[in-house]
>>> print(open('entry-v2.cif').read())   # mmCIF, C-alpha atoms
data_structure
loop_
_atom_site.label_atom_id
_atom_site.label_comp_id
_atom_site.auth_asym_id
_atom_site.auth_seq_id
_atom_site.Cartn_x
_atom_site.Cartn_y
_atom_site.Cartn_z
CA MET A 1 -27.53 5.89 24.39
CA HIS A 2 -30.13 3.26 25.25
CA ASN A 3 -33.73 3.70 26.27
CA THR A 4 -33.96 1.44 29.34
CA THR A 5 -37.28 2.65 30.78
CA ASP A 6 -39.34 -0.47 30.10
CA LEU A 7 -36.77 -3.11 29.25
CA SER A 8 -34.41 -2.87 32.22
CA ILE A 9 -34.53 -4.11 35.78
CA GLY A 10 -33.51 -1.40 38.24
CA TYR A 11 -30.95 -1.79 41.03
CA GLY A 12 -30.90 1.58 42.84
CA GLU A 13 -29.34 4.13 40.44
CA SER A 14 -28.18 1.47 37.96
CA VAL A 15 -30.07 -0.80 35.60
CA VAL A 16 -29.38 -3.95 33.61
CA CYS A 17 -28.92 -2.73 30.06
CA PRO A 18 -30.99 -4.70 27.49
CA VAL A 19 -28.14 -4.44 24.96
CA CYS A 20 -25.02 -5.40 26.87
CA HIS A 21 -26.88 -7.13 29.76
CA ARG A 22 -24.64 -5.43 32.30
CA LEU A 23 -25.39 -3.26 35.28
CA HIS A 24 -24.70 0.43 34.64
CA ASP A 25 -26.06 3.97 34.81
CA PRO A 26 -28.86 4.35 32.22
CA ALA A 27 -27.44 7.74 31.26
CA LEU A 28 -24.37 6.01 29.83
CA SER A 29 -24.18 3.96 26.64
CA CYS A 30 -22.42 0.61 26.39
CA ASP A 31 -19.68 2.16 24.26
CA GLN A 32 -18.93 4.72 26.98
CA LEU A 33 -18.22 1.89 29.41
CA GLU A 34 -16.15 -0.40 27.21
CA PRO A 35 -12.34 -0.64 27.66
CA ARG A 36 -10.33 2.44 26.76
CA VAL A 37 -6.72 3.65 26.83
CA GLY A 38 -5.17 2.85 30.21
CA ASP A 39 -7.42 -0.16 30.85
CA HIS A 40 -6.51 -3.84 30.82
CA LEU A 41 -8.12 -6.28 28.40
CA GLY A 42 -7.25 -9.81 29.43
CA PRO A 43 -3.45 -9.95 29.58
CA TYR A 44 -3.11 -6.80 27.47
CA TYR A 45 -2.64 -3.19 28.56
CA LEU A 46 -4.25 -0.70 26.13
CA GLN A 47 -1.70 2.01 25.33
CA GLU A 48 -3.14 4.03 22.43
CA LEU A 49 -6.29 4.30 20.28
CA VAL A 50 -5.10 4.19 16.67
CA GLY A 51 -8.35 3.83 14.73
CA GLU A 52 -12.10 3.33 15.03
CA GLY A 53 -15.17 2.57 12.95
CA GLY A 54 -18.80 1.57 13.30
CA MET A 55 -18.04 -2.01 14.39
CA GLY A 56 -15.01 -1.53 16.58
CA ARG A 57 -11.84 0.25 17.60
CA VAL A 58 -8.16 -0.59 17.15
CA PHE A 59 -5.65 -0.14 19.96
CA ARG A 60 -1.93 -0.46 20.31
CA ALA A 61 -1.46 -2.70 23.34
CA VAL A 62 1.27 -4.59 25.14
CA HIS A 63 1.15 -8.10 26.60
CA GLN A 64 1.90 -7.52 30.28
CA LYS A 65 3.97 -10.68 30.81
CA LEU A 66 5.69 -10.99 27.45
CA GLY A 67 6.22 -7.28 26.84
CA ARG A 68 5.16 -7.78 23.23
CA THR A 69 3.47 -4.89 21.43
CA VAL A 70 0.35 -5.90 19.47
CA ALA A 71 -2.68 -4.40 17.75
CA ILE A 72 -6.10 -5.24 19.20
CA LYS A 73 -9.34 -4.83 17.28
CA LEU A 74 -12.11 -4.54 19.90
CA MET A 75 -15.76 -4.89 18.92
CA ARG A 76 -18.16 -2.25 20.22
CA ARG A 77 -20.46 -3.57 22.93
CA SER A 78 -23.46 -1.85 21.37
CA VAL A 79 -23.29 -4.16 18.33
CA SER A 80 -21.90 -7.29 19.97
CA PHE A 81 -25.00 -9.47 19.81
CA GLY A 82 -26.67 -11.87 17.36
CA ASP A 83 -24.67 -12.58 14.23
CA GLY A 84 -22.65 -9.40 14.73
CA VAL A 85 -19.95 -11.14 16.78
CA LYS A 86 -19.68 -13.95 14.24
CA ARG A 87 -19.21 -11.48 11.37
CA PHE A 88 -16.74 -9.40 13.39
CA LEU A 89 -14.53 -12.36 14.26
CA ARG A 90 -14.85 -13.96 10.82
CA GLU A 91 -12.16 -11.61 9.50
CA ALA A 92 -9.68 -12.92 12.06
CA ARG A 93 -10.56 -16.54 11.35
CA MET A 94 -10.25 -16.05 7.60
CA VAL A 95 -6.84 -14.37 7.79
CA ASN A 96 -5.65 -17.05 10.21
CA LYS A 97 -6.26 -19.66 7.47
CA VAL A 98 -3.37 -18.22 5.45
CA HIS A 99 0.24 -17.85 6.55
CA ASN A 100 2.10 -15.47 4.27
CA PRO A 101 4.60 -12.70 5.11
CA HIS A 102 2.56 -10.21 3.07
CA LEU A 103 -0.66 -10.73 5.08
CA ILE A 104 -1.35 -9.31 8.54
CA GLU A 105 -0.86 -12.02 11.18
CA VAL A 106 -3.62 -12.76 13.71
CA THR A 107 -2.32 -14.28 16.97
CA ASP A 108 -5.38 -14.56 19.22
CA ILE A 109 -9.21 -14.44 19.13
CA VAL A 110 -11.49 -13.85 22.15
CA GLU A 111 -15.24 -14.31 21.73
CA ALA A 112 -17.33 -12.97 24.64
CA PRO A 113 -21.05 -13.41 25.45
CA ALA A 114 -23.54 -10.89 24.02
CA GLY A 115 -22.62 -7.38 25.09
CA GLY A 116 -19.13 -8.47 26.16
CA ASP A 117 -15.70 -7.55 24.91
CA SER A 118 -14.99 -9.65 21.82
CA TYR A 119 -11.66 -8.86 20.19
CA TYR A 120 -8.79 -10.27 18.23
CA VAL A 121 -5.06 -9.66 18.42
CA MET A 122 -2.81 -8.90 15.45
CA GLU A 123 0.87 -8.19 14.94
CA TRP A 124 1.78 -4.54 15.48
CA LEU A 125 3.17 -2.90 12.35
CA GLU A 126 5.51 0.11 12.41
CA GLY A 127 5.28 2.04 9.17
CA LYS A 128 2.72 3.79 6.97
CA ASN A 129 0.01 2.85 4.52
CA LEU A 130 0.38 3.18 0.76
CA HIS A 131 -1.85 6.27 0.65
CA ALA A 132 0.43 8.10 3.11
CA ARG A 133 3.49 7.08 1.06
CA ALA A 134 1.83 8.48 -2.09
CA MET A 135 1.17 11.78 -0.33
CA GLU A 136 4.87 12.00 0.51
CA CYS A 137 5.60 11.66 -3.20
CA ASP A 138 3.08 14.20 -4.51
CA ALA A 139 0.78 11.29 -5.54
CA HIS A 140 3.48 9.70 -7.76
CA ILE A 141 5.41 6.90 -6.05
CA PRO A 142 8.74 6.23 -7.85
CA LEU A 143 8.02 3.59 -10.46
CA MET A 144 10.51 0.92 -9.39
CA GLU A 145 9.41 1.23 -5.77
CA LEU A 146 5.75 0.96 -6.78
CA LEU A 147 6.40 -2.16 -8.85
CA ARG A 148 8.18 -3.87 -5.93
CA ILE A 149 5.29 -3.02 -3.61
CA MET A 150 2.69 -4.37 -6.01
CA ILE A 151 4.67 -7.56 -6.57
CA ASP A 152 4.50 -8.07 -2.79
CA VAL A 153 0.73 -7.49 -2.88
CA THR A 154 0.26 -10.11 -5.60
CA LYS A 155 2.20 -12.64 -3.51
CA GLY A 156 -0.02 -12.07 -0.48
CA LEU A 157 -3.22 -12.17 -2.51
CA GLU A 158 -2.11 -15.28 -4.41
CA ALA A 159 -1.82 -17.08 -1.06
CA ALA A 160 -5.21 -15.74 0.07
CA HIS A 161 -6.91 -16.77 -3.18
CA LEU A 162 -5.46 -20.28 -2.98
CA ALA A 163 -7.08 -20.56 0.47
CA GLY A 164 -10.42 -19.46 -0.96
CA LEU A 165 -10.37 -15.82 0.23
CA VAL A 166 -11.28 -12.85 -1.98
CA HIS A 167 -10.36 -9.52 -0.36
CA ARG A 168 -12.98 -7.31 -2.13
CA ASP A 169 -11.75 -4.01 -0.64
CA LEU A 170 -8.25 -3.40 -1.97
CA LYS A 171 -7.17 0.25 -1.77
CA PRO A 172 -3.99 2.12 -0.79
CA GLU A 173 -5.19 2.52 2.81
CA ASN A 174 -5.28 -1.28 3.17
CA ILE A 175 -1.68 -1.78 2.02
CA TYR A 176 0.82 -1.15 4.83
CA LEU A 177 4.54 -0.58 4.29
CA ILE A 178 7.04 -1.70 6.92
CA THR A 179 10.79 -2.29 7.16
CA GLN A 180 11.50 -5.99 6.75
CA ASP A 181 14.05 -8.17 4.97
CA GLY A 182 16.27 -5.11 4.47
CA ARG A 183 13.55 -3.13 2.70
CA SER A 184 11.63 -0.06 3.88
CA ASN A 185 8.67 -0.73 1.57
CA PHE A 186 7.79 -4.34 2.42
CA ALA A 187 4.03 -4.60 1.84
CA LYS A 188 1.43 -6.11 4.19
CA ILE A 189 -2.25 -6.47 3.23
CA LEU A 190 -4.76 -5.41 5.89
CA ASP A 191 -8.51 -5.38 6.52
CA PHE A 192 -10.22 -8.55 5.36
CA GLY A 193 -13.44 -7.35 7.02
CA VAL A 194 -15.61 -7.66 3.89
CA SER A 195 -13.71 -10.57 2.36
CA ARG A 196 -15.48 -13.57 0.89
CA ASP A 197 -14.51 -17.08 1.87
CA THR A 198 -15.43 -19.37 -0.99
CA THR A 199 -15.03 -22.38 1.32
CA ASP A 200 -17.64 -21.05 3.79
CA PRO A 201 -21.30 -21.58 2.76
CA GLU A 202 -22.48 -18.66 4.92
CA SER A 203 -20.01 -16.28 3.29
CA MET A 204 -21.03 -17.47 -0.17
CA MET A 205 -24.68 -16.62 0.54
CA GLU A 206 -23.97 -12.88 0.83
CA ASP A 207 -25.13 -10.92 -2.21
CA TYR A 208 -24.91 -7.27 -1.12
CA ILE A 209 -22.54 -4.72 -2.68
CA VAL A 210 -19.26 -4.40 -0.79
CA GLY A 211 -16.06 -2.51 -1.44
CA THR A 212 -14.91 1.09 -1.79
CA PRO A 213 -16.64 2.72 -4.82
CA ALA A 214 -13.46 4.24 -6.29
CA TYR A 215 -11.75 0.80 -6.44
CA ILE A 216 -14.68 -1.58 -6.89
CA ALA A 217 -14.78 -4.09 -9.75
CA PRO A 218 -17.72 -3.82 -12.20
CA GLU A 219 -19.20 -7.16 -11.11
CA GLN A 220 -19.12 -6.03 -7.46
CA ALA A 221 -20.77 -2.72 -8.41
CA ALA A 222 -23.52 -4.76 -10.10
CA GLY A 223 -24.13 -6.70 -6.88
CA ARG A 224 -22.43 -9.92 -7.96
CA PRO A 225 -20.06 -11.58 -5.46
CA GLY A 226 -16.84 -11.38 -7.47
CA ASP A 227 -13.82 -13.66 -7.38
CA ALA A 228 -10.02 -13.43 -7.52
CA ARG A 229 -10.26 -11.42 -10.75
CA SER A 230 -12.21 -8.75 -8.85
CA ASP A 231 -9.10 -8.20 -6.72
CA VAL A 232 -7.08 -8.03 -9.95
CA TYR A 233 -9.31 -5.15 -11.07
CA SER A 234 -8.92 -3.27 -7.78
CA LEU A 235 -5.15 -3.68 -7.90
CA GLY A 236 -5.26 -2.24 -11.43
CA VAL A 237 -7.12 0.82 -10.10
CA MET A 238 -4.38 1.32 -7.50
CA LEU A 239 -1.67 1.03 -10.14
CA TYR A 240 -3.49 3.55 -12.35
CA GLU A 241 -3.89 6.01 -9.46
CA LEU A 242 -0.33 5.75 -8.18
CA THR A 243 1.26 6.19 -11.62
CA MET A 244 -1.09 8.83 -13.01
CA GLY A 245 -1.73 10.72 -9.78
CA GLN A 246 -5.50 10.33 -10.17
CA LEU A 247 -8.17 7.65 -10.23
CA PRO A 248 -9.40 6.22 -13.56
CA PHE A 249 -13.03 7.05 -12.72
CA VAL A 250 -14.14 10.05 -10.69
CA ALA A 251 -17.75 11.14 -10.08
CA PRO A 252 -19.57 13.29 -7.50
CA THR A 253 -21.68 10.45 -6.06
CA VAL A 254 -21.22 6.80 -5.14
CA GLU A 255 -23.86 5.73 -7.66
CA GLU A 256 -22.21 7.63 -10.52
CA THR A 257 -18.79 6.25 -9.61
CA GLN A 258 -20.13 2.69 -9.68
CA ALA A 259 -21.83 3.41 -13.01
CA LYS A 260 -18.52 4.54 -14.53
CA HIS A 261 -16.87 1.28 -13.46
CA LEU A 262 -19.74 -0.61 -15.08
CA MET A 263 -20.04 1.28 -18.36
CA GLU A 264 -16.79 3.10 -19.15
CA GLN A 265 -13.26 2.14 -20.10
CA PRO A 266 -10.25 4.14 -18.87
CA LEU A 267 -8.33 6.22 -21.40
CA ARG A 268 -4.91 4.99 -22.53
CA LEU A 269 -2.46 6.16 -19.90
CA ARG A 270 0.32 7.32 -22.24
CA LYS A 271 -2.06 9.64 -24.07
CA VAL A 272 -3.41 11.40 -20.98
CA ALA A 273 -0.43 11.14 -18.57
CA PRO A 274 0.50 14.44 -16.86
CA GLU A 275 3.56 16.18 -18.24
CA GLY A 276 6.74 14.52 -17.02
CA VAL A 277 5.09 11.26 -15.93
CA PHE A 278 6.76 8.25 -17.55
CA ILE A 279 4.45 5.31 -18.31
CA PRO A 280 6.27 2.37 -19.97
CA ARG A 281 4.28 0.65 -22.72
CA GLY A 282 4.37 -2.64 -20.84
CA LEU A 283 2.95 -1.07 -17.70
CA GLU A 284 0.16 0.65 -19.66
CA THR A 285 -0.85 -2.68 -21.21
CA LEU A 286 -0.72 -4.37 -17.81
CA ILE A 287 -2.95 -1.77 -16.12
CA LEU A 288 -5.52 -1.73 -18.91
CA THR A 289 -5.66 -5.54 -18.83
CA CYS A 290 -6.40 -5.42 -15.08
CA LEU A 291 -9.15 -2.85 -15.74
CA ALA A 292 -10.97 -4.83 -18.41
CA GLU A 293 -14.73 -4.71 -17.77
CA SER A 294 -15.13 -8.45 -18.29
CA PRO A 295 -13.32 -10.64 -15.72
CA ASP A 296 -12.48 -13.10 -18.52
CA ARG A 297 -10.30 -10.44 -20.20
CA ARG A 298 -8.27 -9.70 -17.07
CA TYR A 299 -5.31 -11.64 -15.71
CA ALA A 300 -6.65 -15.00 -14.62
CA SER A 301 -4.83 -15.00 -11.28
CA MET A 302 -2.55 -13.00 -9.03
CA LYS A 303 0.27 -15.36 -9.97
CA VAL A 304 -0.05 -14.37 -13.65
CA LEU A 305 -0.34 -10.68 -12.74
CA GLY A 306 2.74 -10.95 -10.52
CA GLN A 307 4.70 -12.44 -13.42
CA ALA A 308 3.62 -9.55 -15.65
CA LEU A 309 4.75 -7.02 -13.01
CA HIS A 310 8.10 -8.81 -12.78
CA GLU A 311 8.53 -8.49 -16.55
CA VAL A 312 7.93 -4.73 -16.46
CA HIS A 313 10.28 -4.40 -13.49
CA ASP A 314 13.03 -6.41 -15.17
CA GLN A 315 12.62 -4.51 -18.43
CA LEU A 316 13.25 -1.23 -16.62
CA ILE A 317 16.30 -2.70 -14.88
CA GLY A 318 17.53 -3.81 -18.29
CA GLN A 319 16.98 -0.30 -19.63
CA SER A 320 19.13 1.21 -16.87
CA TRP A 321 21.76 -1.53 -17.27
CA ARG A 322 22.18 -0.75 -20.96
CA ARG A 323 22.74 2.91 -20.17
CA LEU A 324 25.50 2.50 -17.59
CA PRO A 325 28.84 4.14 -18.66
CA TRP A 326 30.46 0.90 -19.81
CA ARG A 327 33.61 2.59 -21.17
CA ARG A 328 34.38 3.74 -17.65
CA ILE A 329 33.41 0.47 -15.97
CA ALA A 330 34.99 -2.06 -18.36
CA PRO A 331 38.74 -1.36 -17.66
CA ILE A 332 38.19 -1.70 -13.92
CA ALA A 333 35.86 -4.67 -14.21
CA ALA A 334 38.34 -6.54 -16.37
CA ALA A 335 40.81 -6.52 -13.48
CA SER A 336 38.50 -8.65 -11.38
CA LEU A 337 36.62 -11.89 -11.96
CA SER A 338 34.19 -11.21 -9.12
CA VAL A 339 30.62 -10.74 -10.23
CA GLY A 340 29.97 -9.00 -6.93
CA VAL A 341 32.65 -6.37 -7.71
CA ILE A 342 31.11 -5.68 -11.12
CA ALA A 343 27.73 -5.20 -9.50
CA THR A 344 29.28 -2.81 -6.96
CA LEU A 345 30.88 -0.79 -9.77
CA ALA A 346 27.54 -0.66 -11.57
CA TRP A 347 26.02 0.82 -8.42
CA SER A 348 28.83 3.38 -8.05
CA PHE A 349 28.69 4.65 -11.62
CA GLY A 350 25.07 4.13 -12.55
CA GLY A 351 23.28 4.59 -9.25
CA VAL A 352 21.12 1.48 -9.77
CA ILE A 353 20.97 -1.60 -7.57
CA ILE A 354 20.79 -4.53 -9.94
CA SER A 355 19.87 -7.45 -7.73
CA ARG A 356 19.99 -10.03 -10.50
CA ILE A 357 23.76 -9.74 -11.16
CA HIS A 358 25.09 -10.83 -7.79
CA GLY A 359 25.40 -14.39 -9.08
CA LEU A 360 21.88 -15.26 -7.84
CA ALA A 361 20.08 -15.20 -11.19
CA PRO A 362 20.84 -14.55 -14.89
CA LEU A 363 20.53 -11.07 -16.30
CA PRO A 364 16.93 -10.05 -17.09
CA SER A 365 15.70 -10.99 -20.54
CA GLY A 366 14.87 -7.33 -21.22
CA VAL A 367 18.60 -6.57 -21.60
CA THR A 368 18.80 -8.22 -25.00
CA SER A 369 15.31 -9.21 -26.05
CA GLN A 370 13.74 -5.78 -26.61
CA PRO A 371 16.47 -3.27 -27.55
CA GLN A 372 14.22 -1.59 -30.10
CA LEU A 373 11.58 -0.72 -27.50
CA ILE A 374 14.24 0.66 -25.16
CA ASP A 375 15.76 2.85 -27.88
CA GLN A 376 12.35 4.20 -28.88
CA GLU A 377 11.60 5.24 -25.29
CA ALA A 378 14.75 7.38 -24.79
CA PRO A 379 15.20 10.08 -23.72
CA LEU A 380 12.27 10.53 -21.33
CA PRO A 381 11.48 12.53 -18.19
CA LEU A 382 11.85 10.24 -15.19
CA GLN A 383 10.92 10.40 -11.52
CA VAL A 384 13.65 11.20 -8.98
CA GLU A 385 13.12 11.00 -5.23
CA VAL A 386 14.75 13.95 -3.44
CA ARG A 387 15.27 14.18 0.32
CA THR A 388 17.15 16.69 2.46
CA SER A 389 18.08 16.84 6.11
CA PRO A 390 16.38 18.88 7.41
CA PRO A 391 13.39 18.69 5.03
CA GLY A 392 11.63 21.71 3.54
CA ALA A 393 14.13 22.70 0.83
CA GLU A 394 12.99 23.95 -2.59
CA VAL A 395 14.17 21.84 -5.52
CA ARG A 396 14.90 23.95 -8.62
CA TYR A 397 15.82 22.90 -12.14
CA GLY A 398 16.40 25.44 -14.87
CA GLY A 399 15.10 28.20 -12.61
CA THR A 400 11.77 26.40 -11.98
CA VAL A 401 10.70 25.17 -8.54
CA LEU A 402 9.79 21.47 -8.90
CA GLY A 403 8.84 20.74 -5.30
CA THR A 404 9.74 20.93 -1.63
CA THR A 405 11.59 18.06 0.06
CA PRO A 406 10.82 15.30 0.66
CA CYS A 407 9.35 15.01 -2.82
CA VAL A 408 9.48 13.27 -6.18
CA VAL A 409 10.44 15.48 -9.11
CA ARG A 410 10.54 14.77 -12.83
CA LEU A 411 13.75 15.41 -14.75
CA PRO A 412 14.94 14.51 -18.27
CA GLU A 413 17.02 11.38 -18.39
CA GLY A 414 20.79 11.86 -18.34
CA LYS A 415 23.18 14.13 -16.45
CA ARG A 416 21.31 17.03 -14.83
CA GLU A 417 22.03 19.68 -12.21
CA VAL A 418 19.53 20.72 -9.55
CA GLU A 419 19.61 23.47 -6.96
CA LEU A 420 18.33 23.10 -3.41
CA HIS A 421 17.62 25.97 -1.06
CA ARG A 422 16.12 26.34 2.42
CA ALA A 423 16.08 29.56 4.44
CA GLY A 424 18.99 29.64 6.90
CA TYR A 425 21.03 27.07 4.94
CA ARG A 426 23.58 27.24 2.15
CA ARG A 427 22.29 26.97 -1.39
CA GLU A 428 23.38 23.61 -2.82
CA ARG A 429 23.95 22.68 -6.46
CA ARG A 430 24.21 18.98 -7.21
CA ALA A 431 24.80 17.07 -10.43
CA LEU A 432 23.09 13.71 -10.76
CA ASN A 433 22.60 10.98 -13.31
CA VAL A 434 18.83 10.73 -13.92
CA HIS A 435 17.77 7.14 -14.52
CA VAL A 436 14.94 4.81 -13.51
CA GLY A 437 14.88 4.63 -9.71
CA ALA A 438 17.30 7.55 -9.17
CA ARG A 439 17.45 9.20 -5.74
CA LEU A 440 19.16 12.24 -4.27
CA SER A 441 19.74 12.69 -0.54
CA ILE A 442 21.58 15.74 0.87
CA ARG A 443 22.42 17.05 4.33
CA LEU A 444 22.09 20.83 4.21
CA ARG A 445 24.74 23.04 5.78
CA VAL A 446 23.79 25.96 8.03
CA GLN A 447 24.53 29.32 6.45
CA LYS A 448 26.97 31.55 8.30
CA GLY A 449 24.96 33.99 10.33
CA GLY A 450 21.80 31.90 9.74
CA ALA A 451 19.66 30.53 12.53
CA GLY A 452 19.52 27.02 11.16
CA PRO A 453 17.12 24.60 12.82
#
>>> encode(input="entry-v2.cif", output="structure tokens")
Amino acid sequence: MHNTTDLSIGYGESVVCPVCHRLHDPALSCDQLEPRVGDHLGPYYLQELVGEGGMGRVFRAVHQKLGRTVAIKLMRRSVSFGDGVKRFLREARMVNKVHNPHLIEVTDIVEAPAGGDSYYVMEWLEGKNLHARAMECDAHIPLMELLRIMIDVTKGLEAAHLAGLVHRDLKPENIYLITQDGRSNFAKILDFGVSRDTTDPESMMEDYIVGTPAYIAPEQAAGRPGDARSDVYSLGVMLYELTMGQLPFVAPTVEETQAKHLMEQPLRLRKVAPEGVFIPRGLETLILTCLAESPDRRYASMKVLGQALHEVHDQLIGQSWRRLPWRRIAPIAAASLSVGVIATLAWSFGGVIISRIHGLAPLPSGVTSQPQLIDQEAPLPLQVEVRTSPPGAEVRYGGTVLGTTPCVVRLPEGKREVELHRAGYRRERRALNVHVGARLSIRLRVQKGGAGP
């Protein structure tokens, strides 16, 4: 609320506000008068408030003539003066420099006079952020899914870095998962609000600490600007958290958290991993390289990090490929020369989609190049995603409750049997082949005499 006693010119019961320079009741603040749900903003109708912060609010809106649903980030009138508008709209201008499917797309920018309604328009995304996905999985996203998501993130950030942008605030909440290109976990990078544009002299002059303490790179915590390798570090923190189920550095205060990033090294993941969590050697090395205190010891670019993620991903595919029941597949496969049929059989018997054997690319090098590593790592407990319709069923193995659907459970590799039970529904026993990327989806049957849903 503004004090307008001395600085405003009265017009009956209203005054000209010294902040927004508009005529309104002095008992009301600028923010109370700015557009809200049900109002029109230019050609857009504001349908729903989906988020807000100190600088602005985000609405779901629809273009009245085109019928297109969009997201609008509207700056608060109370801060829309001086350099505030320039900083607010800089995010939109920076993102608009880069066109990549893994970056949020900005379609329009409106800059208003001081105290006006400055905003920018972005594509509307239907999905969930990476943090919400992790919560669905009891903080452990299935490994193959996580690797695919992070490969997407490296592609988006590689494009941003080539255009001179450093994100500086990577965290699971800023990675959004949508359905696109036939995938339900296609990643989009959001929120470039504190990004640094190395091609903009004004942006380069900033020297204050930015970023979220739990994910901040040591050089950022020390007040240095950071570069592309700072984003590599933050991505490493996300990988650590989403495989281990906890952050590498935890402290009660912001200052202590930043100090840990500056002065401590994370423990080796395989030594401290929770029981049942599988951390491949290659992934452990990759994460620890990202988390090196010195930027010179990290991956030099997102392109190099993306290649390393691909290698881990392909090695795990190779591991599953080696373990398919070849004695059962071979007689049938021999009857057909179609590579596509062989791939379909591999899916039927092994439960693994092997994208590289549909004639598009050669088999991954991990199939033959590192058999010793694969043999040493078997057998291991692996993550299995379990879903039921309806949800809410207990998943039991060996008499122990492992979780409630939808969930990710950890089972020894090989043929296993699990039991699923939900009140009012029949108890189900299902055998499954536990392998990297395994999933189990069951429609429960109502029990006779039970109420069901």
>>> resolve_selection(input="entry-v2.cif", expression="the PyMOL selection byres ((chain A and resi 176) around 12)", output="NGL selection string")
:A and (102-104 or 124-134 or 149-150 or 152-153 or 170-175 or 177-180 or 184-191)
>>> atom_distance(input="entry-v2.cif", atom1="CA of Val85 (chain A)", atom2="CA of Asp197 (chain A)")
16.9 Å
>>> residues_around(input="entry-v2.cif", residues="region 47-51 of chain A", least_positions_apart="4", cutoff="8 Å", atoms="only C-alpha atoms", output="PDB file with C-alpha atoms, in the coordinates of the input")
ATOM      1  CA  ARG A  36     -10.330   2.440  26.760  1.00  0.00           C
ATOM      2  CA  VAL A  37      -6.720   3.650  26.830  1.00  0.00           C
ATOM      3  CA  GLY A  38      -5.170   2.850  30.210  1.00  0.00           C
ATOM      4  CA  ARG A  57     -11.840   0.250  17.600  1.00  0.00           C
ATOM      5  CA  VAL A  58      -8.160  -0.590  17.150  1.00  0.00           C
ATOM      6  CA  PHE A  59      -5.650  -0.140  19.960  1.00  0.00           C
ATOM      7  CA  ARG A  60      -1.930  -0.460  20.310  1.00  0.00           C
ATOM      8  CA  ALA A  61      -1.460  -2.700  23.340  1.00  0.00           C
ATOM      9  CA  VAL A  62       1.270  -4.590  25.140  1.00  0.00           C
TER      10      VAL A  62
END
>>> resolve_selection(input="entry-v2.cif", expression="the PyMOL selection byres ((chain A and resi 279) around 12)", output="mmCIF file with C-alpha atoms, keeping the file's coordinate frame")
data_model
loop_
_atom_site.group_PDB
_atom_site.id
_atom_site.type_symbol
_atom_site.label_atom_id
_atom_site.label_comp_id
_atom_site.auth_asym_id
_atom_site.auth_seq_id
_atom_site.Cartn_x
_atom_site.Cartn_y
_atom_site.Cartn_z
ATOM 1 C CA HIS A 140 3.480 9.700 -7.760
ATOM 2 C CA PRO A 142 8.740 6.230 -7.850
ATOM 3 C CA LEU A 143 8.020 3.590 -10.460
ATOM 4 C CA MET A 144 10.510 0.920 -9.390
ATOM 5 C CA LEU A 239 -1.670 1.030 -10.140
ATOM 6 C CA TYR A 240 -3.490 3.550 -12.350
ATOM 7 C CA LEU A 242 -0.330 5.750 -8.180
ATOM 8 C CA THR A 243 1.260 6.190 -11.620
ATOM 9 C CA MET A 244 -1.090 8.830 -13.010
ATOM 10 C CA GLY A 245 -1.730 10.720 -9.780
ATOM 11 C CA ARG A 268 -4.910 4.990 -22.530
ATOM 12 C CA LEU A 269 -2.460 6.160 -19.900
ATOM 13 C CA ARG A 270 0.320 7.320 -22.240
ATOM 14 C CA LYS A 271 -2.060 9.640 -24.070
ATOM 15 C CA VAL A 272 -3.410 11.400 -20.980
ATOM 16 C CA ALA A 273 -0.430 11.140 -18.570
ATOM 17 C CA PRO A 274 0.500 14.440 -16.860
ATOM 18 C CA GLU A 275 3.560 16.180 -18.240
ATOM 19 C CA GLY A 276 6.740 14.520 -17.020
ATOM 20 C CA VAL A 277 5.090 11.260 -15.930
ATOM 21 C CA PHE A 278 6.760 8.250 -17.550
ATOM 22 C CA PRO A 280 6.270 2.370 -19.970
ATOM 23 C CA ARG A 281 4.280 0.650 -22.720
ATOM 24 C CA GLY A 282 4.370 -2.640 -20.840
ATOM 25 C CA LEU A 283 2.950 -1.070 -17.700
ATOM 26 C CA GLU A 284 0.160 0.650 -19.660
ATOM 27 C CA THR A 285 -0.850 -2.680 -21.210
ATOM 28 C CA LEU A 286 -0.720 -4.370 -17.810
ATOM 29 C CA ILE A 287 -2.950 -1.770 -16.120
ATOM 30 C CA VAL A 312 7.930 -4.730 -16.460
ATOM 31 C CA LEU A 316 13.250 -1.230 -16.620
ATOM 32 C CA GLU A 377 11.600 5.240 -25.290
ATOM 33 C CA LEU A 380 12.270 10.530 -21.330
ATOM 34 C CA PRO A 381 11.480 12.530 -18.190
ATOM 35 C CA LEU A 382 11.850 10.240 -15.190
ATOM 36 C CA GLN A 383 10.920 10.400 -11.520
ATOM 37 C CA VAL A 436 14.940 4.810 -13.510
#
>>> resolve_selection(input="entry-v2.cif", expression="the PyMOL selection byres ((chain A and resi 94) around 10)", output="ChimeraX atom specification")
/A:89-93,95-98,106,160,163-165,192-193,195-197,200
>>> residues_around(input="entry-v2.cif", residues="region 417-432 of chain A", least_positions_apart="5", cutoff="12 Å", atoms="all atoms listed in the file", output="ChimeraX atom specification")
/A:349-351,384-406,409-412,438-453
>>> atom_distance(input="entry-v2.cif", atom1="CA of Pro213 (chain A)", atom2="CA of Ala139 (chain A)")
19.4 Å
>>> residues_around(input="entry-v2.cif", residues="region 215-217 of chain A", least_positions_apart="4", cutoff="6 Å", atoms="all atoms listed in the file", output="number ranges by chain")
A: 211, 230, 233-234, 237
>>> closest_residue(input="entry-v2.cif", among="A:Gln246, A:Ser78, A:Thr289, A:Ser301", to="Leu162 (chain A)", atoms="only C-alpha atoms")
A:Ser301
>>> residues_around(input="entry-v2.cif", residues="region 114-122 of chain A", least_positions_apart="2", cutoff="7 Å", atoms="all atoms listed in the file", output="number ranges by chain")
A: 19-21, 70-75, 77-78, 80-81, 92, 105-112, 124
